[in-house]
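What follows is the content of coords-v3.cif, which has mmCIF, C-alpha atoms and all ligand atoms:
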```cif
data_model
loop_
_atom_site.label_atom_id
_atom_site.label_comp_id
_atom_site.auth_asym_id
_atom_site.auth_seq_id
_atom_site.Cartn_x
_atom_site.Cartn_y
_atom_site.Cartn_z
CA MET A 897 0.00 0.00 0.00
CA ASP A 898 1.27 3.49 -0.90
CA LYS A 899 1.34 5.31 2.43
CA SER A 900 2.77 8.55 1.12
CA VAL A 901 -0.36 9.92 -0.53
CA ASP A 902 -0.94 13.49 0.63
CA ASN A 903 -4.62 13.35 -0.07
CA LYS A 904 -7.11 13.20 2.77
CA ILE A 905 -9.80 11.68 0.54
CA ASN A 906 -7.67 8.59 -0.10
CA GLN A 907 -6.68 8.19 3.52
CA LEU A 908 -8.09 5.61 5.88
CA HIS A 909 -9.80 6.80 9.03
CA PRO A 910 -7.20 6.44 11.85
CA SER A 911 -9.35 3.70 13.46
CA LYS A 912 -8.90 1.65 10.27
CA ILE A 913 -5.11 2.08 10.59
CA LEU A 914 -5.46 0.46 14.02
CA ASP A 915 -7.37 -2.39 12.33
CA GLU A 916 -4.61 -2.76 9.73
CA MET A 917 -2.03 -2.91 12.51
CA GLY A 918 -4.18 -5.44 14.41
CA ILE A 919 -4.37 -3.23 17.51
CA SER A 920 -7.47 -2.80 19.64
CA TRP A 921 -8.27 -2.35 23.33
CA ASN A 922 -7.78 -5.71 25.10
CA ASP A 923 -5.99 -7.19 28.11
CA ASP A 924 -2.67 -7.23 26.26
CA ILE A 925 -2.82 -3.51 25.32
CA GLU A 926 -3.99 -2.66 28.83
CA LYS A 927 -0.92 -4.45 30.25
CA LYS A 928 1.50 -2.96 27.73
CA THR A 929 0.34 0.61 28.41
CA SER A 930 -0.21 0.30 32.17
CA SER A 931 3.04 2.07 33.16
CA LEU A 932 2.14 5.01 30.89
CA TYR A 933 -1.35 5.18 32.36
CA LYS A 934 0.07 5.20 35.86
CA LYS A 935 2.03 8.32 34.92
CA VAL A 936 -0.99 10.28 33.64
CA SER A 937 -3.76 8.78 35.77
CA SER A 938 -4.13 11.99 37.81
CA VAL A 939 -5.14 13.94 34.69
CA ILE A 940 -6.78 11.34 32.41
CA PRO A 941 -9.93 9.61 33.74
CA ASP A 942 -9.72 5.79 33.50
CA ILE A 943 -12.85 5.75 31.33
CA GLU A 944 -10.87 7.53 28.57
CA TRP A 945 -7.84 5.22 28.61
CA PRO A 946 -9.36 2.40 26.48
CA PHE A 947 -9.74 4.96 23.68
CA PHE A 948 -6.22 6.42 24.01
CA ALA A 949 -4.20 3.27 24.72
CA PRO A 950 -4.49 1.53 21.27
CA TYR A 951 -3.42 4.77 19.53
CA ILE A 952 -0.51 5.23 21.92
CA GLU A 953 0.64 1.66 21.34
CA ALA A 954 0.31 1.99 17.54
CA ILE A 955 2.13 5.35 17.43
CA ASN A 956 5.00 4.05 19.55
CA ILE A 957 5.38 0.96 17.33
CA LEU A 958 5.25 2.95 14.08
CA LYS A 959 7.65 5.56 15.44
CA LYS A 960 10.31 2.88 15.94
CA GLU A 961 9.61 1.20 12.59
CA LYS A 962 9.99 4.48 10.70
CA ASN A 963 12.84 5.92 12.78
CA ALA A 964 10.71 8.97 13.60
CA THR A 965 10.97 11.42 16.49
CA ILE A 966 7.95 13.16 17.99
CA LEU A 967 8.39 16.71 19.30
CA ALA A 968 5.64 18.04 21.60
CA HIS A 969 5.07 21.61 22.71
CA ASN A 970 4.25 22.22 26.38
CA TYR A 971 0.59 22.94 25.43
CA GLN A 972 -0.07 19.48 24.00
CA THR A 973 -2.53 17.31 25.94
CA PRO A 974 -1.06 14.85 28.49
CA GLU A 975 -1.67 11.69 26.44
CA ILE A 976 0.48 13.22 23.69
CA PHE A 977 2.95 15.07 25.90
CA HIS A 978 3.68 12.20 28.30
CA CYS A 979 2.82 9.06 26.32
CA VAL A 980 4.12 9.39 22.73
CA SER A 981 6.54 12.34 22.57
CA ASP A 982 10.34 12.01 22.61
CA VAL A 983 11.24 15.67 23.04
CA ARG A 984 9.19 18.24 24.97
CA GLY A 985 9.64 21.97 25.42
CA ASP A 986 8.88 25.52 24.39
CA SER A 987 8.86 26.58 20.77
CA LEU A 988 12.54 27.40 20.52
CA GLN A 989 13.75 24.38 22.50
CA LEU A 990 11.83 22.09 20.15
CA ALA A 991 13.41 23.62 17.06
CA LYS A 992 16.89 23.46 18.58
CA GLU A 993 16.41 19.87 19.71
CA ALA A 994 15.26 18.98 16.20
CA THR A 995 18.78 19.79 14.96
CA LYS A 996 20.21 17.15 17.32
CA VAL A 997 17.93 14.21 16.54
CA ASP A 998 19.20 11.56 14.22
CA SER A 999 15.83 10.55 12.71
CA ASP A 1000 14.53 10.35 9.18
CA ILE A 1001 11.21 11.92 10.14
CA ILE A 1002 10.25 14.52 12.73
CA ILE A 1003 6.60 14.81 13.73
CA GLN A 1004 5.90 18.24 15.18
CA CYS A 1005 3.07 18.24 17.71
CA GLY A 1006 2.46 21.95 18.02
CA VAL A 1007 1.34 24.68 15.68
CA TYR A 1008 2.45 25.40 12.12
CA PHE A 1009 4.98 28.17 12.84
CA MET A 1010 6.79 25.75 15.17
CA ALA A 1011 7.01 23.12 12.43
CA GLU A 1012 8.27 25.81 10.06
CA THR A 1013 10.95 26.90 12.54
CA SER A 1014 12.06 23.28 12.88
CA LYS A 1015 12.23 23.03 9.08
CA ILE A 1016 14.23 26.28 8.81
CA LEU A 1017 16.80 24.83 11.20
CA ASN A 1018 16.69 21.37 9.58
CA MET A 1019 16.19 21.79 5.85
CA ASP A 1020 17.55 18.30 5.15
CA LYS A 1021 15.00 16.58 7.41
CA LYS A 1022 11.40 15.57 6.74
CA ILE A 1023 9.30 17.68 9.11
CA ILE A 1024 5.67 16.63 9.43
CA ILE A 1025 2.75 18.34 11.15
CA PRO A 1026 -0.29 16.13 11.90
CA SER A 1027 -2.82 18.91 11.11
CA LEU A 1028 -2.61 21.78 8.63
CA ASP A 1029 -5.29 23.55 10.66
CA ALA A 1030 -2.95 24.12 13.61
CA GLY A 1031 -2.40 27.86 13.11
CA CYS A 1032 -1.74 30.72 15.53
CA SER A 1033 -3.47 34.09 15.85
CA LEU A 1034 -0.12 35.85 16.30
CA ALA A 1035 1.51 34.27 13.25
CA ALA A 1036 -1.64 34.99 11.20
CA SER A 1037 -1.63 38.68 12.14
CA ILE A 1038 1.24 39.69 9.85
CA THR A 1039 2.69 38.84 6.42
CA GLY A 1040 6.13 39.25 4.88
CA GLN A 1041 4.73 42.15 2.80
CA ASP A 1042 3.55 43.89 6.00
CA VAL A 1043 7.13 43.76 7.29
CA ILE A 1044 8.48 45.17 4.02
CA ASP A 1045 5.97 48.04 4.34
CA LEU A 1046 6.90 48.63 8.00
CA LYS A 1047 10.58 48.83 7.06
CA ARG A 1048 9.78 51.29 4.27
CA GLU A 1049 7.86 53.49 6.75
CA ASN A 1050 10.69 53.25 9.31
CA PRO A 1051 13.94 53.21 7.32
CA GLY A 1052 17.02 51.91 9.10
CA ILE A 1053 15.12 50.67 12.19
CA PRO A 1054 15.96 47.05 13.05
CA VAL A 1055 13.16 44.49 13.10
CA VAL A 1056 12.88 42.02 15.99
CA THR A 1057 10.40 39.19 15.34
CA TYR A 1058 8.90 36.88 17.91
CA VAL A 1059 9.21 33.22 16.85
CA ASN A 1060 5.40 33.02 16.68
CA SER A 1061 5.53 34.13 13.05
CA SER A 1062 5.69 32.61 9.58
CA ALA A 1063 8.90 31.86 7.66
CA ASP A 1064 8.03 34.72 5.25
CA VAL A 1065 8.00 37.16 8.16
CA LYS A 1066 11.21 35.76 9.68
CA ALA A 1067 12.87 36.16 6.26
CA GLU A 1068 12.24 39.96 6.38
CA THR A 1069 13.57 40.20 9.93
CA ASP A 1070 16.91 41.25 11.41
CA ILE A 1071 16.73 39.00 14.44
CA CYS A 1072 14.21 36.64 16.06
CA CYS A 1073 13.41 36.34 19.76
CA THR A 1074 11.41 34.13 22.09
CA SER A 1075 9.39 35.14 25.12
CA SER A 1076 12.35 34.34 27.37
CA ASN A 1077 15.03 36.35 25.54
CA ALA A 1078 13.00 39.19 23.96
CA LEU A 1079 14.37 41.90 26.29
CA GLU A 1080 17.95 40.69 25.85
CA VAL A 1081 17.57 40.68 22.05
CA VAL A 1082 16.05 44.18 22.00
CA ASN A 1083 18.78 45.59 24.27
CA SER A 1084 21.53 43.94 22.21
CA LEU A 1085 20.73 46.05 19.14
CA ASP A 1086 22.62 49.24 18.40
CA SER A 1087 19.56 51.43 17.82
CA ASP A 1088 17.36 53.61 20.05
CA LYS A 1089 14.27 52.55 18.11
CA ILE A 1090 13.19 48.97 17.43
CA ILE A 1091 10.36 47.51 15.37
CA PHE A 1092 8.98 44.63 17.43
CA ILE A 1093 6.47 42.26 15.77
CA PRO A 1094 3.92 40.72 15.87
CA ASP A 1095 2.87 40.48 19.56
CA GLU A 1096 1.71 43.85 20.88
CA TYR A 1097 1.46 42.66 24.49
CA LEU A 1098 4.92 41.10 24.48
CA ALA A 1099 6.20 44.37 23.00
CA MET A 1100 4.45 46.36 25.77
CA ASN A 1101 5.91 44.05 28.42
CA ILE A 1102 9.40 44.67 27.03
CA ALA A 1103 8.85 48.41 26.63
CA LYS A 1104 8.40 48.61 30.43
CA ASP A 1105 11.97 47.37 30.94
CA THR A 1106 13.97 49.00 28.16
CA LYS A 1107 14.96 52.58 27.37
CA LYS A 1108 14.47 51.93 23.65
CA GLU A 1109 11.43 53.17 21.79
CA ILE A 1110 9.40 50.21 20.51
CA ILE A 1111 7.35 50.39 17.33
CA MET A 1112 4.62 47.77 17.79
CA TRP A 1113 2.28 45.67 15.65
CA LYS A 1114 -1.29 44.89 16.73
CA GLY A 1115 -0.93 41.08 16.89
CA ARG A 1116 -2.43 39.29 19.89
CA CYS A 1117 -2.51 35.74 21.18
CA GLU A 1118 -6.21 34.87 21.26
CA VAL A 1119 -5.65 32.68 24.34
CA HIS A 1120 -3.57 35.01 26.53
CA GLU A 1121 -5.48 38.19 25.70
CA GLU A 1122 -8.53 36.64 27.41
CA PHE A 1123 -6.97 36.87 30.89
CA THR A 1124 -7.94 40.06 32.72
CA VAL A 1125 -6.37 41.77 35.69
CA ASP A 1126 -9.69 41.62 37.62
CA GLU A 1127 -9.80 37.84 37.14
CA ILE A 1128 -6.20 37.45 38.38
CA ARG A 1129 -6.84 39.67 41.43
CA GLU A 1130 -9.94 37.62 42.24
CA TYR A 1131 -7.86 34.43 42.21
CA ARG A 1132 -5.27 36.11 44.46
CA GLU A 1133 -8.05 37.01 46.92
CA ASN A 1134 -9.91 33.68 46.85
CA GLU A 1135 -6.86 31.40 46.86
CA PRO A 1136 -4.73 32.55 49.80
CA GLY A 1137 -1.01 31.94 49.31
CA VAL A 1138 -1.34 31.20 45.59
CA LYS A 1139 1.71 31.98 43.43
CA ILE A 1140 0.76 33.45 40.07
CA ILE A 1141 2.99 33.02 37.02
CA ALA A 1142 2.09 34.46 33.65
CA HIS A 1143 3.21 34.11 30.05
CA PRO A 1144 4.39 37.47 28.61
CA GLU A 1145 1.81 37.20 25.81
CA CYS A 1146 -0.66 38.38 28.50
CA ALA A 1147 -1.58 42.05 28.84
CA PRO A 1148 1.04 44.12 30.75
CA GLU A 1149 -1.32 44.72 33.70
CA VAL A 1150 -1.82 40.94 34.03
CA VAL A 1151 1.94 40.31 33.92
CA ASP A 1152 2.40 43.05 36.56
CA GLU A 1153 0.10 41.13 38.91
CA ALA A 1154 2.19 37.95 38.55
CA ASP A 1155 5.01 36.70 40.78
CA PHE A 1156 6.95 35.52 37.73
CA SER A 1157 6.73 35.78 33.96
CA GLY A 1158 8.56 33.76 31.30
CA SER A 1159 8.30 31.37 28.37
CA THR A 1160 6.32 28.16 28.82
CA SER A 1161 9.49 26.24 29.75
CA ALA A 1162 10.64 29.01 32.08
CA MET A 1163 7.23 28.80 33.81
CA ILE A 1164 7.54 25.02 34.17
CA ASN A 1165 11.07 25.33 35.57
CA TRP A 1166 9.85 27.96 38.03
CA VAL A 1167 7.20 25.57 39.39
CA LYS A 1168 9.61 22.62 39.55
CA THR A 1169 12.29 24.69 41.31
CA ASN A 1170 10.06 26.60 43.72
CA GLN A 1171 7.50 23.82 44.41
CA PRO A 1172 4.83 26.32 45.59
CA TYR A 1173 1.99 24.94 47.69
CA LYS A 1174 -0.51 26.44 45.24
CA VAL A 1175 0.07 27.90 41.78
CA LEU A 1176 -1.92 29.54 39.03
CA MET A 1177 -0.32 29.34 35.58
CA VAL A 1178 -1.78 32.14 33.51
CA THR A 1179 -1.46 30.42 30.15
CA GLU A 1180 -2.95 27.62 28.02
CA CYS A 1181 -4.55 25.08 30.33
CA SER A 1182 -3.01 21.79 29.17
CA MET A 1183 0.28 23.01 30.58
CA SER A 1184 -0.98 22.78 34.17
CA ASP A 1185 -2.05 19.17 33.52
CA ASN A 1186 1.37 18.33 32.08
CA VAL A 1187 3.36 19.90 34.92
CA SER A 1188 1.07 18.54 37.63
CA VAL A 1189 2.00 14.99 36.56
CA GLU A 1190 5.61 15.75 37.54
CA THR A 1191 4.94 17.92 40.60
CA PRO A 1192 2.48 15.97 42.79
CA ASN A 1193 3.06 18.25 45.80
CA VAL A 1194 1.91 21.38 43.99
CA ASN A 1195 -1.80 22.30 43.84
CA PHE A 1196 -2.87 23.85 40.56
CA VAL A 1197 -5.59 26.47 40.31
CA ARG A 1198 -6.82 26.09 36.74
CA PRO A 1199 -8.55 28.82 34.79
CA CYS A 1200 -9.06 27.01 31.51
CA ASN A 1201 -8.18 28.88 28.32
CA LEU A 1202 -7.57 26.37 25.55
CA CYS A 1203 -5.64 27.12 22.36
CA PRO A 1204 -7.92 25.72 19.62
CA HIS A 1205 -4.95 25.49 17.25
CA MET A 1206 -2.86 23.36 19.61
CA LYS A 1207 -5.91 21.16 20.14
CA GLU A 1208 -6.04 20.38 16.41
CA ILE A 1209 -3.33 17.82 17.16
CA SER A 1210 -4.71 14.51 18.45
CA LEU A 1211 -3.47 10.93 18.83
CA GLU A 1212 -5.59 9.95 15.82
CA LYS A 1213 -4.00 12.60 13.62
CA ILE A 1214 -0.50 11.73 14.86
CA LEU A 1215 -1.07 8.10 13.91
CA ALA A 1216 -2.33 9.10 10.44
CA SER A 1217 0.60 11.50 9.98
CA LEU A 1218 3.08 8.73 10.78
CA TRP A 1219 1.30 6.20 8.58
CA TYR A 1220 0.97 8.46 5.54
CA GLU A 1221 3.93 10.75 6.32
CA THR A 1222 1.75 13.83 5.89
CA HIS A 1223 1.67 16.81 6.05
CA GLU A 1224 5.23 17.61 5.13
CA VAL A 1225 6.37 21.19 5.75
CA ILE A 1226 7.95 22.65 2.63
CA ILE A 1227 9.64 26.06 2.59
CA ASP A 1228 11.14 27.86 -0.39
CA HIS A 1229 14.96 27.65 -0.13
CA ASP A 1230 15.59 31.39 -0.43
CA ILE A 1231 13.00 32.23 2.25
CA ALA A 1232 14.34 29.49 4.51
CA LYS A 1233 17.91 30.77 4.11
CA ARG A 1234 16.96 34.34 5.02
CA ALA A 1235 14.74 33.18 7.88
CA LEU A 1236 17.58 31.00 9.17
CA ASN A 1237 19.84 34.06 9.40
CA SER A 1238 17.41 35.81 11.73
CA VAL A 1239 16.92 32.67 13.87
CA ASN A 1240 20.67 32.02 14.02
CA ARG A 1241 21.42 35.62 15.04
CA MET A 1242 19.22 35.01 18.08
CA ILE A 1243 20.73 31.61 18.84
CA ASN A 1244 24.25 33.04 18.61
CA LEU A 1245 23.46 35.99 20.87
P1 LIG B 1 6.70 29.46 24.18
O1 LIG B 1 7.77 29.81 23.20
O2 LIG B 1 6.87 30.17 25.48
O3 LIG B 1 6.55 27.99 24.32
O4 LIG B 1 5.32 30.06 23.64
C1 LIG B 1 4.73 29.60 22.52
C2 LIG B 1 3.33 29.97 22.49
O5 LIG B 1 2.67 29.75 21.51
C3 LIG B 1 2.73 30.58 23.65
O6 LIG B 1 1.41 30.88 23.43
FE1 LIG B 2 -0.60 31.08 19.07
FE2 LIG B 2 -1.67 31.83 21.37
FE3 LIG B 2 -2.08 29.37 20.51
FE4 LIG B 2 0.35 30.12 21.38
S1 LIG B 2 -1.52 29.95 22.58
S2 LIG B 2 -0.11 28.95 19.54
S3 LIG B 2 0.40 32.24 20.68
S4 LIG B 2 -2.80 31.26 19.53
#
```

The structure given in the file should be rewritten as C-alpha cells.
Amino acid sequence: MDKSVDNKINQLHPSKILDEMGISWNDDIEKKTSSLYKKVSSVIPDIEWPFFAPYIEAINILKKEKNATILAHNYQTPEIFHCVSDVRGDSLQLAKEATKVDSDIIIQCGVYFMAETSKILNMDKKIIIPSLDAGCSLAASITGQDVIDLKRENPGIPVVTYVNSSADVKAETDICCTSSNALEVVNSLDSDKIIFIPDEYLAMNIAKDTKKEIIMWKGRCEVHEEFTVDEIREYRENEPGVKIIAHPECAPEVVDEADFSGSTSAMINWVKTNQPYKVLMVTECSMSDNVSVETPNVNFVRPCNLCPHMKEISLEKILASLWYETHEVIIDHDIAKRALNSVNRMINL
C-alpha cells in the first residue's frame, strides 16, 4: 500500500489504521500501556484510557519502525505530551532539539509556525505536522509584505520578530526572539528605536523594561489576551497563598500582577524549582495538567483557556501523519535561508 499519498480523501480513518495494525483495546494492550497510564492517571480519567491506549501503542510501534521522532510543545494534551513524545519543550527548544535528533522523520506536535521553525533549522529533514489547521493568531496577524511596508515606513530601524511568526516574516527580519530572551535581544541592538512584531502585548511588556522606543504591531494571542487583571486579582483574593505566574503574551497589567513571567518552559522550571503549595499558571490550560503529573506536591488552580490550534493535534492525527507521512512542511529555499539568518542571530546571541 502506498502510504505517502498526501490526499485526505484517499486516507483511511485512523481507526482503520489500528485495524490494519491489528491493535485494539484488550488485556494485552492494557498491560502494555499500564506504566504510561500510571504516569498520567491523575489527569486522564480511567474511562478515557481504552480509547487512548491503542493509539498510543500503535504510534509508539510505528515511530520505531519508521525511525521517527515526535516533538511536543508544552501545550499538547497529556496523552500526547507524556505518552508518545520524545522531546518536549517551548517553541525554541523544540526547534533546537530537532537539529540534534538523528531521525529520518520529525513529527511536530504543536502549531504550524513551530514546524516551520524546525524546518528552517533542519532543511535536510522531513518535518511533518499532523494537522494543517494548527495555526496561531499571532503568526496569522502579519505577512512578509507587511514587514516590508513597516521597514519602508521606518527606514534603518531594526526588526525584531517573535518566533510566533511565519517563515516569510522571519525572512524579512533582522533578528528573532522568544518570550524568554526578547528583552535581551532588543537591548543587544545598536539602535534607540526597534520595530517589534507581531505580539503587541509582548512588546508592551518589554517596553516597560527598556529605554528603547518600541514600534509595535497589533498582533495578539487569542488565548492570553482573554486573561484580565480583575480575574487574576480575584484568584489572588480567593486562593490565599497562591503563586501566580504568567506568560508574557498576556496584557502588561496581568503580567504586573504575577510573581513571575517567562516562556512556557521558564514557567515550568519555576514551578519545579520553587514547588509552591498552590500555583496559578496564567497560560494555556493543558500546561498545568502536564506539569502537575511531575509535581504531585503542587496544587494547581486552573482557569481554563484552551488554544484551539494546539488542540487540532490529536493521537488519531498523529497516527495518520506517521502512517501516511503527511503533512510535510515545505519552505522555499531562499526564504528558509533568510529566515535562518534571523533565527541564528538570536541563537548566537
Ligand atoms: P513558548 O515559546 O513560550 O513555548 O510560547 C509559545 C506559544 O505559543 C505561547 O502561546
Ligand atoms: Fe498562538 Fe496563542 Fe495558541 Fe500560542 S496559545 S499557539 S500564541 S494562539

Would you give me, as JSON lines, each residue of chain A having an atom within 7 Å of an atom of ligand LIG 1 (chain B), along with its shortest atom pair and that distance in Å to one decimal, using all atoms listed in the file and sorting by chain and residue number?
```
{"residue": "A:His969", "atom": "CA", "partner": "B:LIG1", "partner_atom": "O3", "distance": 6.7}
{"residue": "A:Asn970", "atom": "CA", "partner": "B:LIG1", "partner_atom": "O3", "distance": 6.5}
{"residue": "A:Gly985", "atom": "CA", "partner": "B:LIG1", "partner_atom": "O3", "distance": 6.9}
{"residue": "A:Asp986", "atom": "CA", "partner": "B:LIG1", "partner_atom": "O3", "distance": 3.4}
{"residue": "A:Ser987", "atom": "CA", "partner": "B:LIG1", "partner_atom": "O1", "distance": 4.2}
{"residue": "A:Leu988", "atom": "CA", "partner": "B:LIG1", "partner_atom": "O1", "distance": 6.0}
{"residue": "A:Asn1060", "atom": "CA", "partner": "B:LIG1", "partner_atom": "O5", "distance": 6.4}
{"residue": "A:Thr1074", "atom": "CA", "partner": "B:LIG1", "partner_atom": "O1", "distance": 5.8}
{"residue": "A:Ser1075", "atom": "CA", "partner": "B:LIG1", "partner_atom": "O2", "distance": 5.6}
{"residue": "A:Cys1117", "atom": "CA", "partner": "B:LIG1", "partner_atom": "O6", "distance": 6.6}
{"residue": "A:Glu1145", "atom": "CA", "partner": "B:LIG1", "partner_atom": "O6", "distance": 6.8}
{"residue": "A:Ser1159", "atom": "CA", "partner": "B:LIG1", "partner_atom": "O2", "distance": 3.4}
{"residue": "A:Thr1160", "atom": "CA", "partner": "B:LIG1", "partner_atom": "O2", "distance": 3.9}
{"residue": "A:Ser1161", "atom": "CA", "partner": "B:LIG1", "partner_atom": "O2", "distance": 6.4}
```

Proximity check chain A to ligand LIG 2 (chain B), 8 Å, nearest pairs one decimal Å, all atoms listed in the file, as a Markdown table:
```
| residue | atom | partner | partner_atom | distance |
| --- | --- | --- | --- | --- |
| A:Tyr971 | CA | B:LIG2 | S1 | 7.9 |
| A:Gly1006 | CA | B:LIG2 | S2 | 7.6 |
| A:Val1007 | CA | B:LIG2 | S2 | 5.9 |
| A:Gly1031 | CA | B:LIG2 | S2 | 6.9 |
| A:Cys1032 | CA | B:LIG2 | FE1 | 3.7 |
| A:Ser1033 | CA | B:LIG2 | S4 | 4.7 |
| A:Leu1034 | CA | B:LIG2 | FE1 | 5.5 |
| A:Ala1035 | CA | B:LIG2 | FE1 | 7.0 |
| A:Asn1060 | CA | B:LIG2 | S3 | 6.5 |
| A:Arg1116 | CA | B:LIG2 | S3 | 7.6 |
| A:Cys1117 | CA | B:LIG2 | FE2 | 4.0 |
| A:Glu1118 | CA | B:LIG2 | S4 | 5.3 |
| A:Val1119 | CA | B:LIG2 | FE2 | 5.0 |
| A:His1120 | CA | B:LIG2 | FE2 | 6.4 |
| A:Glu1145 | CA | B:LIG2 | S3 | 7.3 |
| A:Thr1179 | CA | B:LIG2 | S1 | 7.6 |
| A:Glu1180 | CA | B:LIG2 | S1 | 6.1 |
| A:Leu1202 | CA | B:LIG2 | S1 | 7.6 |
| A:Cys1203 | CA | B:LIG2 | FE3 | 4.6 |
| A:Pro1204 | CA | B:LIG2 | FE3 | 6.9 |
| A:His1205 | CA | B:LIG2 | FE3 | 5.8 |
| A:Met1206 | CA | B:LIG2 | FE3 | 6.1 |
```

List the spatial neighbours of region 910-916 of chain A as a list in words - criterion: any atom at most 7 Å away, all atoms listed in the file, same-chain residues fewer than 4 positions off excluded. Ser920, Ala954, Glu1212, Leu1215 and Ala1216 of chain A

Pick out the closest residue to Ser1217 (chain A) from this set: A:Lys1022, A:Asp998, A:Pro941, A:Lys992. Count only C-alpha atoms.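 Going through A:Lys1022, A:Asp998, A:Pro941, A:Lys992 one by one, the smallest distance to Ser1217 (chain A) is for A:Lys1022.
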
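Nearest residue to Ile1102 (chain A), choosing from A:Asn1050, A:Leu1079, A:Lys1213, A:Asn956 and counting only C-alpha atoms: A:Leu1079.
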
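Closest approach to His1223 (chain A) from the set A:Leu932, A:Ile976, A:Ile925, A:Ala1030 is made by A:Ala1030, with distances taken over all atoms listed in the file.
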
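The space between CA of Lys934 (chain A) and CA of Pro1192 (chain A) spans 13.0 Å.
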
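Distance annotation: of A:Ala1067, A:Val1059, A:Pro1054, A:Glu1121, the residue with the minimal separation from Pro1094 (chain A) is A:Val1059; atom set is all atoms listed in the file.
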
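Checking A:Asp942, A:Asp1095, A:Asp923, A:Glu1109 one by one against Ser1061 (chain A), counting only C-alpha atoms, you find the shortest gap at A:Asp1095.
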
Between A:Val1055, A:Asp1042, A:Ala1063, A:His909, which has the minimum distance to Arg1234 (chain A) (counting all atoms listed in the file)? A:Ala1063

Give me, please, the distance in Å between CA of Ile1214 (chain A) and CA of Ile943 (chain A), quoted to one decimal. 21.4 Å
